[in-house]
file work-v8.txt (compact mmCIF, C-alpha atoms and all ligand atoms)
# COMPACT_ATOMS: atom_id res chain seq x y z
CA MET A 287 79.14 4.80 -2.71
CA ILE A 288 78.80 4.53 1.05
CA ALA A 289 77.83 7.95 2.41
CA SER A 290 78.06 9.23 5.99
CA LEU A 291 75.05 8.65 8.26
CA ARG A 292 72.28 11.29 8.36
CA GLY A 293 73.13 14.15 10.68
CA MET A 294 76.82 13.19 10.86
CA ASN A 295 79.18 15.47 8.98
CA ASP A 296 82.79 15.46 7.85
CA ILE A 297 84.83 18.49 8.90
CA LEU A 298 87.65 19.33 6.52
CA SER A 299 89.57 22.08 4.76
CA GLU A 300 88.18 25.55 5.46
CA ASP A 301 85.63 24.21 7.97
CA TYR A 302 88.40 22.48 9.86
CA GLU A 303 90.31 25.77 10.06
CA ARG A 304 87.25 27.42 11.64
CA PHE A 305 86.75 24.43 13.92
CA THR A 306 90.34 24.48 15.26
CA TYR A 307 90.35 28.29 15.44
CA PHE A 308 87.27 28.11 17.66
CA ILE A 309 88.72 25.41 19.93
CA GLU A 310 92.06 27.20 20.26
CA SER A 311 90.40 30.56 21.04
CA ALA A 312 87.92 29.10 23.54
CA SER A 313 90.59 26.95 25.26
CA GLU A 314 92.88 29.95 25.62
CA ILE A 315 90.10 31.92 27.33
CA ALA A 316 89.10 28.98 29.59
CA LYS A 317 92.75 28.68 30.72
CA LYS A 318 92.75 32.40 31.58
CA TYR A 319 89.82 31.68 33.93
CA GLY A 320 91.88 28.91 35.61
CA PHE A 321 90.31 25.88 33.89
CA HIS A 322 92.25 22.70 33.01
CA PHE A 323 91.63 20.29 30.14
CA ILE A 324 89.79 17.03 30.79
CA GLU A 325 89.05 14.22 28.32
CA THR A 326 86.36 11.68 29.17
CA PRO A 327 85.25 8.61 27.13
CA LEU A 328 82.67 8.89 24.34
CA LEU A 329 80.98 5.76 25.65
CA GLU A 330 79.59 5.52 29.19
CA GLU A 331 77.13 3.34 31.08
CA THR A 332 73.57 4.26 30.10
CA ALA A 333 72.64 4.57 33.78
CA LEU A 334 74.95 7.62 34.09
CA PHE A 335 72.85 9.68 31.66
CA LYS A 336 69.52 8.33 32.92
CA ARG A 337 70.37 9.46 36.43
CA SER A 338 71.93 12.80 35.56
CA VAL A 339 70.24 14.21 32.45
CA GLY A 340 66.99 12.63 33.71
CA GLU A 341 64.53 9.96 32.56
CA SER A 342 61.89 12.56 31.73
CA SER A 343 64.16 14.56 29.38
CA ASP A 344 63.87 14.24 25.58
CA ILE A 345 67.58 13.40 25.47
CA VAL A 346 67.18 10.26 27.59
CA GLY A 347 63.63 9.45 26.51
CA LYS A 348 64.10 9.67 22.74
CA GLU A 349 67.60 10.61 21.63
CA MET A 350 70.20 8.26 23.07
CA TYR A 351 72.49 6.09 20.95
CA GLN A 352 72.10 3.20 23.37
CA PHE A 353 73.11 -0.44 22.86
CA ILE A 354 74.20 -3.60 24.63
CA ASP A 355 77.91 -4.24 24.02
CA LYS A 356 79.61 -7.64 23.57
CA GLY A 357 80.05 -7.93 27.36
CA GLU A 358 76.26 -7.44 27.89
CA ASN A 359 76.81 -3.92 29.28
CA ASP A 360 74.09 -1.34 28.65
CA VAL A 361 76.12 1.55 27.17
CA CYS A 362 75.47 4.83 25.42
CA LEU A 363 77.34 7.34 23.25
CA ARG A 364 77.49 10.51 25.34
CA PRO A 365 74.68 12.96 24.49
CA GLU A 366 76.38 15.72 26.49
CA GLY A 367 79.59 16.32 28.46
CA THR A 368 78.57 17.23 32.02
CA ALA A 369 77.60 13.73 33.23
CA GLY A 370 80.96 12.20 32.21
CA VAL A 371 82.94 15.01 33.85
CA VAL A 372 80.95 14.62 37.08
CA ARG A 373 81.52 10.85 36.97
CA ALA A 374 85.28 11.38 36.52
CA PHE A 375 85.30 13.98 39.34
CA ILE A 376 83.74 11.47 41.75
CA GLN A 377 85.73 8.46 40.45
CA LYS A 378 89.02 10.34 41.03
CA LYS A 379 87.78 11.17 44.57
CA LEU A 380 88.09 14.91 43.98
CA ASP A 381 84.79 15.37 45.83
CA ARG A 382 86.50 13.90 48.91
CA ALA A 383 89.63 16.00 48.39
CA GLY A 384 87.53 19.19 48.62
CA GLY A 385 88.71 22.52 47.22
CA ILE A 386 87.96 23.98 43.81
CA HIS A 387 88.33 21.98 40.58
CA ARG A 388 87.76 23.57 37.19
CA PHE A 389 87.72 21.66 33.88
CA PHE A 390 87.16 22.39 30.20
CA TYR A 391 86.60 19.90 27.39
CA HIS A 392 85.62 19.64 23.75
CA GLY A 393 84.50 16.73 21.66
CA ALA A 394 81.73 14.88 19.85
CA MET A 395 78.28 14.40 21.38
CA PHE A 396 75.52 12.20 19.97
CA ARG A 397 71.77 12.76 19.96
CA TYR A 398 69.32 10.86 17.75
CA GLU A 399 67.34 13.98 16.83
CA ARG A 400 65.59 14.81 13.54
CA PRO A 401 68.45 16.37 11.54
CA GLN A 402 67.98 19.87 10.14
CA LYS A 403 70.07 23.01 9.73
CA GLY A 404 71.99 23.46 13.00
CA ARG A 405 70.70 20.21 14.45
CA LEU A 406 72.97 17.19 14.00
CA ARG A 407 73.13 13.68 15.35
CA GLN A 408 76.86 13.93 15.89
CA PHE A 409 77.87 17.44 16.92
CA HIS A 410 80.69 19.00 18.90
CA GLN A 411 80.60 20.93 22.12
CA PHE A 412 83.11 23.06 23.97
CA GLY A 413 82.22 23.02 27.66
CA VAL A 414 83.45 23.88 31.13
CA GLU A 415 82.50 22.52 34.56
CA SER A 416 83.44 24.12 37.88
CA PHE A 417 83.22 22.20 41.19
CA GLY A 418 83.40 23.48 44.76
CA VAL A 419 82.26 27.11 44.41
CA GLU A 420 78.95 28.05 45.96
CA SER A 421 79.28 31.76 45.27
CA VAL A 422 77.13 33.30 42.55
CA TYR A 423 80.31 35.04 41.32
CA GLU A 424 81.22 31.71 39.71
CA ASP A 425 77.88 31.70 37.83
CA ALA A 426 78.74 35.22 36.64
CA ALA A 427 82.24 34.05 35.63
CA MET A 428 80.67 31.32 33.44
CA ILE A 429 78.54 33.89 31.65
CA MET A 430 81.48 36.27 31.27
CA MET A 431 83.59 33.47 29.81
CA VAL A 432 80.98 32.66 27.13
CA SER A 433 80.67 36.37 26.43
CA ASP A 434 84.49 36.71 26.13
CA ILE A 435 84.63 33.76 23.70
CA LEU A 436 81.80 35.13 21.55
CA ASN A 437 83.28 38.65 21.56
CA LYS A 438 86.69 37.33 20.55
CA LEU A 439 85.10 35.55 17.58
CA GLY A 440 83.00 38.55 16.56
CA ILE A 441 79.69 36.78 17.30
CA GLY A 442 76.66 38.80 18.44
CA TYR A 443 74.25 37.23 20.96
CA ARG A 444 71.25 37.61 23.22
CA LEU A 445 71.58 36.22 26.74
CA GLN A 446 68.54 34.71 28.45
CA LEU A 447 68.66 34.21 32.18
CA ASN A 448 66.51 32.46 34.77
CA SER A 449 66.69 30.98 38.24
CA LEU A 450 65.17 27.52 38.67
CA GLY A 451 65.17 27.72 42.47
CA CYS A 452 66.50 25.10 44.86
CA SER A 453 65.20 22.03 46.68
CA GLU A 454 63.38 24.39 49.05
CA CYS A 455 61.45 26.60 46.62
CA MET A 456 61.24 24.50 43.41
CA PRO A 457 58.89 21.75 44.78
CA GLN A 458 56.43 24.37 46.04
CA TYR A 459 56.58 26.18 42.72
CA LYS A 460 56.01 22.91 40.81
CA ASP A 461 52.89 22.23 42.92
CA SER A 462 51.42 25.64 42.14
CA LEU A 463 52.29 25.23 38.44
CA VAL A 464 50.63 21.79 38.33
CA ASP A 465 47.50 23.24 40.00
CA TYR A 466 47.39 25.92 37.31
CA ILE A 467 47.93 23.47 34.42
CA ARG A 468 45.29 21.06 35.70
CA LYS A 469 42.76 23.88 35.29
CA CYS A 470 43.50 24.19 31.57
CA GLN A 471 44.46 20.53 30.99
CA ASP A 472 42.02 19.98 28.08
CA GLY A 473 43.59 22.71 25.96
CA ILE A 474 47.21 21.55 26.15
CA CYS A 475 49.13 19.25 23.77
CA ILE A 476 49.81 15.55 24.43
CA ASP A 477 53.48 16.23 25.24
CA CYS A 478 52.52 18.77 27.92
CA GLN A 479 49.92 16.36 29.36
CA ARG A 480 52.73 13.83 29.80
CA ARG A 481 55.11 16.46 31.21
CA VAL A 482 52.62 17.46 33.95
CA ASP A 483 53.26 14.04 35.50
CA THR A 484 56.96 13.58 34.66
CA ASN A 485 58.54 17.06 34.93
CA PRO A 486 55.94 19.86 35.02
CA ILE A 487 58.33 22.82 34.53
CA ARG A 488 59.18 21.49 31.04
CA VAL A 489 55.70 22.59 29.87
CA LEU A 490 57.00 26.17 30.02
CA ASP A 491 59.25 25.71 27.00
CA CYS A 492 56.68 23.86 24.89
CA LYS A 493 56.99 25.07 21.28
CA ASN A 494 53.22 24.76 20.68
CA GLY A 495 51.71 28.27 20.29
CA SER A 496 48.33 27.42 21.82
CA CYS A 497 49.99 25.90 24.91
CA GLN A 498 52.13 29.03 25.26
CA GLU A 499 48.98 31.22 25.19
CA LEU A 500 47.54 29.20 28.06
CA TYR A 501 50.74 29.53 30.10
CA VAL A 502 50.97 33.33 29.88
CA GLU A 503 49.09 33.62 33.17
CA ALA A 504 50.91 30.66 34.80
CA PRO A 505 52.81 31.28 38.05
CA LYS A 506 56.40 32.40 37.44
CA ILE A 507 59.37 30.75 39.17
CA THR A 508 61.12 34.11 39.48
CA GLN A 509 58.24 35.31 41.69
CA ASN A 510 58.33 32.17 43.82
CA LEU A 511 62.01 31.91 44.78
CA CYS A 512 63.05 31.43 48.42
CA ALA A 513 65.03 34.25 50.10
CA SER A 514 68.44 32.72 49.35
CA CYS A 515 67.72 31.96 45.65
CA SER A 516 66.13 35.36 45.22
CA SER A 517 69.13 37.22 46.69
CA ASP A 518 71.58 35.13 44.58
CA PHE A 519 69.57 35.86 41.44
CA SER A 520 69.56 39.60 42.20
CA ALA A 521 73.31 39.49 42.96
CA LEU A 522 73.98 37.72 39.63
CA GLN A 523 72.07 40.39 37.73
CA LYS A 524 73.98 43.13 39.52
CA ILE A 525 77.35 41.55 38.65
CA LEU A 526 76.29 41.32 34.99
CA ASP A 527 75.05 44.94 35.04
CA ASP A 528 78.33 46.10 36.61
CA ASN A 529 80.26 44.31 33.86
CA SER A 530 78.07 45.65 31.02
CA ILE A 531 76.74 42.23 30.04
CA LYS A 532 73.21 42.61 28.69
CA TYR A 533 70.60 39.94 29.46
CA GLU A 534 66.85 39.32 29.45
CA VAL A 535 65.22 37.51 32.38
CA ASP A 536 63.09 34.73 30.89
CA SER A 537 61.14 32.88 33.56
CA ASN A 538 60.12 30.26 30.96
CA LEU A 539 63.75 29.24 30.35
CA VAL A 540 63.87 25.76 31.92
CA ARG A 541 66.58 23.98 29.84
CA GLY A 542 66.20 20.44 28.51
CA LEU A 543 68.30 18.65 31.15
CA ASP A 544 66.97 17.80 34.62
CA TYR A 545 70.05 18.46 36.75
CA TYR A 546 69.85 22.26 37.04
CA SER A 547 68.99 24.28 40.12
CA LYS A 548 69.24 28.05 40.65
CA THR A 549 70.99 29.80 37.69
CA ALA A 550 70.07 28.69 34.15
CA PHE A 551 71.14 30.57 31.03
CA GLU A 552 71.15 30.34 27.28
CA PHE A 553 72.98 32.39 24.63
CA VAL A 554 71.03 32.68 21.37
CA SER A 555 71.90 34.08 17.96
CA ASP A 556 69.36 35.73 15.67
CA GLU A 557 71.47 34.95 12.60
CA ILE A 558 71.30 31.15 12.28
CA GLY A 559 67.63 30.21 11.94
CA SER A 560 65.42 28.13 14.22
CA GLN A 561 68.22 26.23 16.03
CA SER A 562 69.37 29.44 17.61
CA ALA A 563 70.84 28.30 20.97
CA ILE A 564 74.62 28.65 20.69
CA ALA A 565 75.47 28.01 24.35
CA GLY A 566 73.66 26.91 27.46
CA GLY A 567 74.42 26.12 31.05
CA GLY A 568 73.72 26.71 34.69
CA ARG A 569 74.21 25.54 38.24
CA TYR A 570 73.76 21.90 39.25
CA ASP A 571 74.47 21.77 42.99
CA ARG A 572 72.75 18.43 43.60
CA LEU A 573 74.21 16.32 40.78
CA VAL A 574 77.48 15.20 42.41
CA GLU A 575 75.58 13.88 45.45
CA PHE A 576 72.93 12.34 43.19
CA LEU A 577 75.69 10.34 41.45
CA ASP A 578 76.94 9.10 44.87
CA GLY A 579 79.63 11.73 45.48
CA ARG A 580 79.96 14.10 48.43
CA PRO A 581 77.65 17.12 48.12
CA THR A 582 79.55 19.64 45.95
CA PRO A 583 78.26 22.85 44.39
CA ALA A 584 78.86 22.97 40.63
CA VAL A 585 78.17 25.16 37.61
CA GLY A 586 79.07 24.99 33.91
CA PHE A 587 78.09 25.54 30.30
CA ALA A 588 78.52 24.07 26.83
CA MET A 589 78.66 25.72 23.40
CA GLY A 590 77.59 24.05 20.12
CA ILE A 591 80.59 24.32 17.82
CA GLU A 592 78.81 23.61 14.49
CA ARG A 593 76.26 26.36 15.17
CA LEU A 594 79.07 28.79 16.02
CA MET A 595 81.13 27.91 12.96
CA GLU A 596 78.59 29.68 10.76
CA LEU A 597 79.08 32.89 12.73
CA ILE A 598 82.81 33.06 13.40
CA LYS A 599 84.65 35.97 11.83
CA MET A 600 88.06 34.52 11.00
CA PRO A 601 91.17 36.71 11.06
CA GLU A 602 92.63 37.18 7.58
CA SER A 603 94.70 34.10 6.80
CA LYS A 604 98.40 34.97 6.64
CA LYS A 605 100.84 33.50 4.13
CA GLU A 606 102.99 31.02 6.00
CA GLY A 607 106.00 28.72 5.52
CA TYR A 608 107.67 27.42 2.38
CA TYR A 609 106.53 25.82 -0.83
CA MET A 610 109.35 23.84 -2.44
CA GLY A 611 109.61 22.34 -5.89
CA ALA A 612 112.03 21.01 -8.53
CA MET A 613 112.25 21.74 -12.23
CA ASP A 614 113.68 18.33 -13.19
CA ASP A 615 114.06 14.82 -11.74
CA GLU A 616 117.68 15.26 -10.68
CA ALA A 617 116.83 18.42 -8.73
CA LEU A 618 113.87 16.66 -7.08
CA GLN A 619 116.19 14.37 -5.06
CA SER A 620 117.98 17.43 -3.63
CA VAL A 621 114.78 19.32 -2.93
CA ILE A 622 113.39 16.39 -0.92
CA LYS A 623 116.57 16.29 1.18
CA ILE A 624 116.60 20.05 1.75
CA ALA A 625 112.88 20.08 2.65
CA HIS A 626 113.48 17.35 5.22
CA GLN A 627 116.12 19.55 6.93
CA LYS A 628 114.05 22.72 6.63
CA ARG A 629 111.04 21.10 8.35
CA LYS A 630 113.04 21.05 11.60
CA THR A 631 112.24 24.78 11.89
CA ASP A 632 109.58 25.63 9.28
CA THR A 633 106.47 24.35 7.55
CA VAL A 634 107.32 23.06 4.08
CA VAL A 635 104.73 21.88 1.55
CA MET A 636 105.99 20.16 -1.60
CA ASP A 637 104.80 19.29 -5.04
CA TYR A 638 106.68 16.23 -6.29
CA LYS A 639 105.79 16.90 -9.92
CA THR A 640 108.63 18.59 -11.80
CA LYS A 641 107.43 21.70 -13.61
CA ASN A 642 108.50 25.13 -14.81
CA LEU A 643 108.91 28.14 -12.53
CA LYS A 644 105.63 29.77 -13.50
CA ASN A 645 103.66 26.67 -12.49
CA HIS A 646 105.57 26.29 -9.22
CA LEU A 647 104.74 29.90 -8.37
CA LYS A 648 101.05 29.25 -9.07
CA ALA A 649 101.13 26.17 -6.81
CA ALA A 650 102.92 28.12 -4.03
CA ASP A 651 100.24 30.79 -4.20
CA LYS A 652 97.50 28.17 -3.95
CA ALA A 653 99.23 26.63 -0.90
CA ASN A 654 99.27 30.12 0.71
CA ALA A 655 103.03 29.79 1.31
CA LYS A 656 105.10 32.85 2.21
CA TYR A 657 108.12 31.65 0.19
CA CYS A 658 108.46 29.71 -3.04
CA ALA A 659 111.83 27.87 -3.22
CA VAL A 660 112.78 26.10 -6.46
CA ILE A 661 115.81 24.20 -7.79
CA GLY A 662 116.50 23.71 -11.52
CA SER A 663 119.58 22.60 -13.47
CA ASP A 664 121.45 25.95 -13.00
CA GLU A 665 120.90 25.87 -9.26
CA MET A 666 122.03 22.21 -9.16
CA LYS A 667 125.25 23.16 -10.92
CA ASN A 668 125.92 26.08 -8.55
CA LYS A 669 124.61 24.38 -5.37
CA THR A 670 122.09 27.20 -4.91
CA ILE A 671 118.33 27.56 -4.45
CA TRP A 672 116.04 30.21 -5.95
CA VAL A 673 113.69 31.76 -3.33
CA LYS A 674 110.87 34.24 -3.86
CA ASN A 675 109.15 36.03 -0.97
CA LEU A 676 105.52 35.99 -2.10
CA GLU A 677 104.54 38.84 0.23
CA ASP A 678 107.09 41.53 -0.70
CA LYS A 679 107.84 39.87 -4.10
CA THR A 680 111.65 39.95 -3.62
CA GLU A 681 113.70 37.20 -5.31
CA ASN A 682 117.10 35.77 -4.33
CA THR A 683 119.39 32.96 -5.36
CA ILE A 684 121.25 31.73 -2.29
CA PRO A 685 123.73 28.92 -1.52
CA ILE A 686 121.90 25.79 -0.30
CA ALA A 687 124.12 25.79 2.79
CA GLU A 688 122.63 29.16 3.82
CA PHE A 689 119.00 28.23 3.12
P1 LIG B 701 72.64 21.77 25.90
O1 LIG B 701 71.86 23.04 25.95
O2 LIG B 701 71.87 20.52 25.72
O3 LIG B 701 73.47 21.72 27.24
O4 LIG B 701 73.74 21.86 24.75
C1 LIG B 701 74.64 22.94 24.68
C2 LIG B 701 74.75 23.45 23.24
O5 LIG B 701 75.06 22.35 22.36
C3 LIG B 701 73.47 24.01 22.68
O6 LIG B 701 73.29 25.35 23.08
C4 LIG B 701 73.70 23.89 21.18
O7 LIG B 701 74.49 24.98 20.72
C5 LIG B 701 74.53 22.62 21.07
N1 LIG B 701 73.67 21.50 20.61
C6 LIG B 701 72.81 20.77 21.34
N2 LIG B 701 72.22 19.82 20.59
C7 LIG B 701 72.70 19.96 19.33
C8 LIG B 701 72.49 19.28 18.08
N3 LIG B 701 71.67 18.24 17.98
N4 LIG B 701 73.17 19.70 16.98
C9 LIG B 701 74.04 20.75 17.06
N5 LIG B 701 74.29 21.42 18.22
C10 LIG B 701 73.63 21.04 19.34
C11 LIG B 701 74.32 20.71 27.59
O8 LIG B 701 74.68 19.83 26.85
C12 LIG B 701 74.83 20.84 29.01
N6 LIG B 701 75.73 19.72 29.25
C13 LIG B 701 75.54 22.18 29.20
C14 LIG B 701 76.10 22.34 30.59
C15 LIG B 701 77.40 22.15 30.95
N7 LIG B 701 75.42 22.66 31.67
C16 LIG B 701 76.23 22.68 32.70
N8 LIG B 701 77.43 22.35 32.29
call {"tool": "encode", "arguments": {"input": "work-v8.txt", "output": "structure tokens"}}
result
Amino acid sequence: MIASLRGMNDILSEDYERFTYFIESASEIAKKYGFHFIETPLLEETALFKRSVGESSDIVGKEMYQFIDKGENDVCLRPEGTAGVVRAFIQKKLDRAGGIHRFFYHGAMFRYERPQKGRLRQFHQFGVESFGVESVYEDAAMIMMVSDILNKLGIGYRLQLNSLGCSECMPQYKDSLVDYIRKCQDGICIDCQRRVDTNPIRVLDCKNGSCQELYVEAPKITQNLCASCSSDFSALQKILDDNSIKYEVDSNLVRGLDYYSKTAFEFVSDEIGSQSAIAGGGRYDRLVEFLDGRPTPAVGFAMGIERLMELIKMPESKKEGYYMGAMDDEALQSVIKIAHQKRKTDTVVMDYKTKNLKNHLKAADKANAKYCAVIGSDEMKNKTIWVKNLEDKTENTIPIAEF
């Protein structure tokens, strides 16, 4: 038997119901915030991700599904959604048009990570990207939207918040961090030694306990923000306070993608094990310009659907539509014709096997149908159909013409 690849799952039956319930709920909320759907290709030029997510990130350095296609193009299955949306935004000249553009998307992402619970090689994200709003109110709106989605689905969370500064304060902070790390260089892991040269702030989210002990005394970005970043960060916290959204400021939250500046946030769940990040995002004011567009402020987030599926509290599934069946071959022909008509207005599931009433009722129950409609020889003779409402248990025999 040929099995699916490691870290790539099928989604069917009950899981699919959760999956679509999540997408429908999240899309409905994104639309309420004024966002419009966007679909971008799964395959993009590798250079797009190298330039946006960043060469020093684990995603680009180790995890890309990258290959040369038949036309000798260096291409890559998208590891995340932001880069493609930014590319589309610039390609459609929306950066030149100016104004505010808000998009939401959902779809498969690919990262060649070591698979484990909650960590897949093909996974699905729901994300939003907002272009053209500089105000920190938009950052707050992103966080409120995630919170609304999680509340609607009955999912508890902890929100971690940081500011990564801007092109004015971040370089100075990086210099002081590097000075600090150089003093304890011998005690840090190989990955951190590499990060000091490639992207020093990434040392702050090293998972190695002994590195973390050494960084306790390291300078904090939140204490080194310029006046504008500092006032935006305070304003963001005030908006969240005013709207009763709880958060923890975590100055070690740096995120694994290089394009962020100012606001960075992560929603985590304590109920799903080590892969606990269920949503993450932040501001990326320099990315549009970096990908050759006109300078445009931008902010967004993405949620990991597989991780959320474990946590979603589904509404009780309601009985719906019709189950139709025949008790003999002659009746089957009629049932098929009637079902075809009925599907113009209702859902109709059928079992083509002829069987007795008791077995049809069992099958209707299994299909979670609201009505069981059956034709046997008596009904054929009288041009009627027997219908049982499986919720209130009432039974009726009615003329086919009135069905
Ligand atoms: P990210 O933090 O890399 O951000 O991914 C967002 C979410 O995707 C994570 O919080 C997690 O729930 C889920 N996720 C990531 N990797 C995996 C995996 N291997 N298996 C299962 N789930 C996973 C981004 O991708 C940014 N593009 C978010 C963003 C949008 N920032 C601004 N706009």
call {"tool": "atom_distance", "arguments": {"input": "work-v8.txt", "atom1": "atom CA of A:Asp355", "atom2": "atom CA of A:Gly393"}}
result
22.1 Å
call {"tool": "atom_distance", "arguments": {"input": "work-v8.txt", "atom1": "atom CA of A:Glu665", "atom2": "atom CA of A:Ala649"}}
result
19.9 Å
call {"tool": "closest_residue", "arguments": {"input": "work-v8.txt", "among": "A:Phe551, A:Phe587, A:Phe375, A:Tyr307", "to": "ligand LIG 701 (chain B)", "atoms": "all atoms listed in the file"}}
result
A:Phe587
call {"tool": "residues_near_ligand", "arguments": {"input": "work-v8.txt", "ligand": "ligand LIG 701 (chain B)", "cutoff": "8 Å", "atoms": "only C-alpha atoms and all ligand atoms", "output": "PyMOL selection string"}}
result
chain A and resi 365-369+396-399+401+404-411+413-415+541-543+546+552-554+561-570+585-594
call {"tool": "closest_residue", "arguments": {"input": "work-v8.txt", "among": "A:Ala625, A:Leu597, A:Arg481, A:Lys674", "to": "A:Glu341", "atoms": "only C-alpha atoms"}}
result
A:Arg481
call {"tool": "residues_around", "arguments": {"input": "work-v8.txt", "residues": "A:Tyr466", "least_positions_apart": "5", "cutoff": "9 Å", "atoms": "only C-alpha atoms", "output": "PyMOL selection string"}}
result
chain A and resi 461+471+501+503-505
call {"tool": "atom_distance", "arguments": {"input": "work-v8.txt", "atom1": "atom CA of A:Lys639", "atom2": "atom CA of A:Ile297"}}
result
28.2 Å
call {"tool": "residues_around", "arguments": {"input": "work-v8.txt", "residues": "A:Leu647", "least_positions_apart": "4", "cutoff": "10 Å", "atoms": "only C-alpha atoms", "output": "PyMOL selection string"}}
result
chain A and resi 609-611+642-643+651-653+655+657-660+674+676
call {"tool": "write_last_selection", "arguments": {"input": "work-v8.txt", "atoms": "C-alpha atoms", "output": "JSON list (two decimals), in the coordinates of the input"}}
result
[["chain", "number", "residue", "atom", "x", "y", "z"],
["A", 609, "TYR", "CA", 106.53, 25.82, -0.83],
["A", 610, "MET", "CA", 109.35, 23.84, -2.44],
["A", 611, "GLY", "CA", 109.61, 22.34, -5.89],
["A", 642, "ASN", "CA", 108.50, 25.13, -14.81],
["A", 643, "LEU", "CA", 108.91, 28.14, -12.53],
["A", 651, "ASP", "CA", 100.24, 30.79, -4.20],
["A", 652, "LYS", "CA", 97.50, 28.17, -3.95],
["A", 653, "ALA", "CA", 99.23, 26.63, -0.90],
["A", 655, "ALA", "CA", 103.03, 29.79, 1.31],
["A", 657, "TYR", "CA", 108.12, 31.65, 0.19],
["A", 658, "CYS", "CA", 108.46, 29.71, -3.04],
["A", 659, "ALA", "CA", 111.83, 27.87, -3.22],
["A", 660, "VAL", "CA", 112.78, 26.10, -6.46],
["A", 674, "LYS", "CA", 110.87, 34.24, -3.86],
["A", 676, "LEU", "CA", 105.52, 35.99, -2.10]]
call {"tool": "closest_residue", "arguments": {"input": "work-v8.txt", "among": "A:Asn645, A:Ser338, A:Asn510, A:Gln458", "to": "A:Glu575", "atoms": "all atoms listed in the file"}}
result
A:Ser338
call {"tool": "residues_around", "arguments": {"input": "work-v8.txt", "residues": "A:Tyr391", "least_positions_apart": "5", "cutoff": "6 Å", "atoms": "all atoms listed in the file", "output": "JSON, numbers by chain"}}
result
{"A": [323, 324, 412, 413]}
call {"tool": "closest_residue", "arguments": {"input": "work-v8.txt", "among": "A:Val419, A:Ile309, A:Ile315, A:Leu291", "to": "A:Gly385", "atoms": "all atoms listed in the file"}}
result
A:Val419
call {"tool": "closest_residue", "arguments": {"input": "work-v8.txt", "among": "A:Asn529, A:Phe576, A:Cys452, A:Leu500", "to": "A:Lys469", "atoms": "only C-alpha atoms"}}
result
A:Leu500
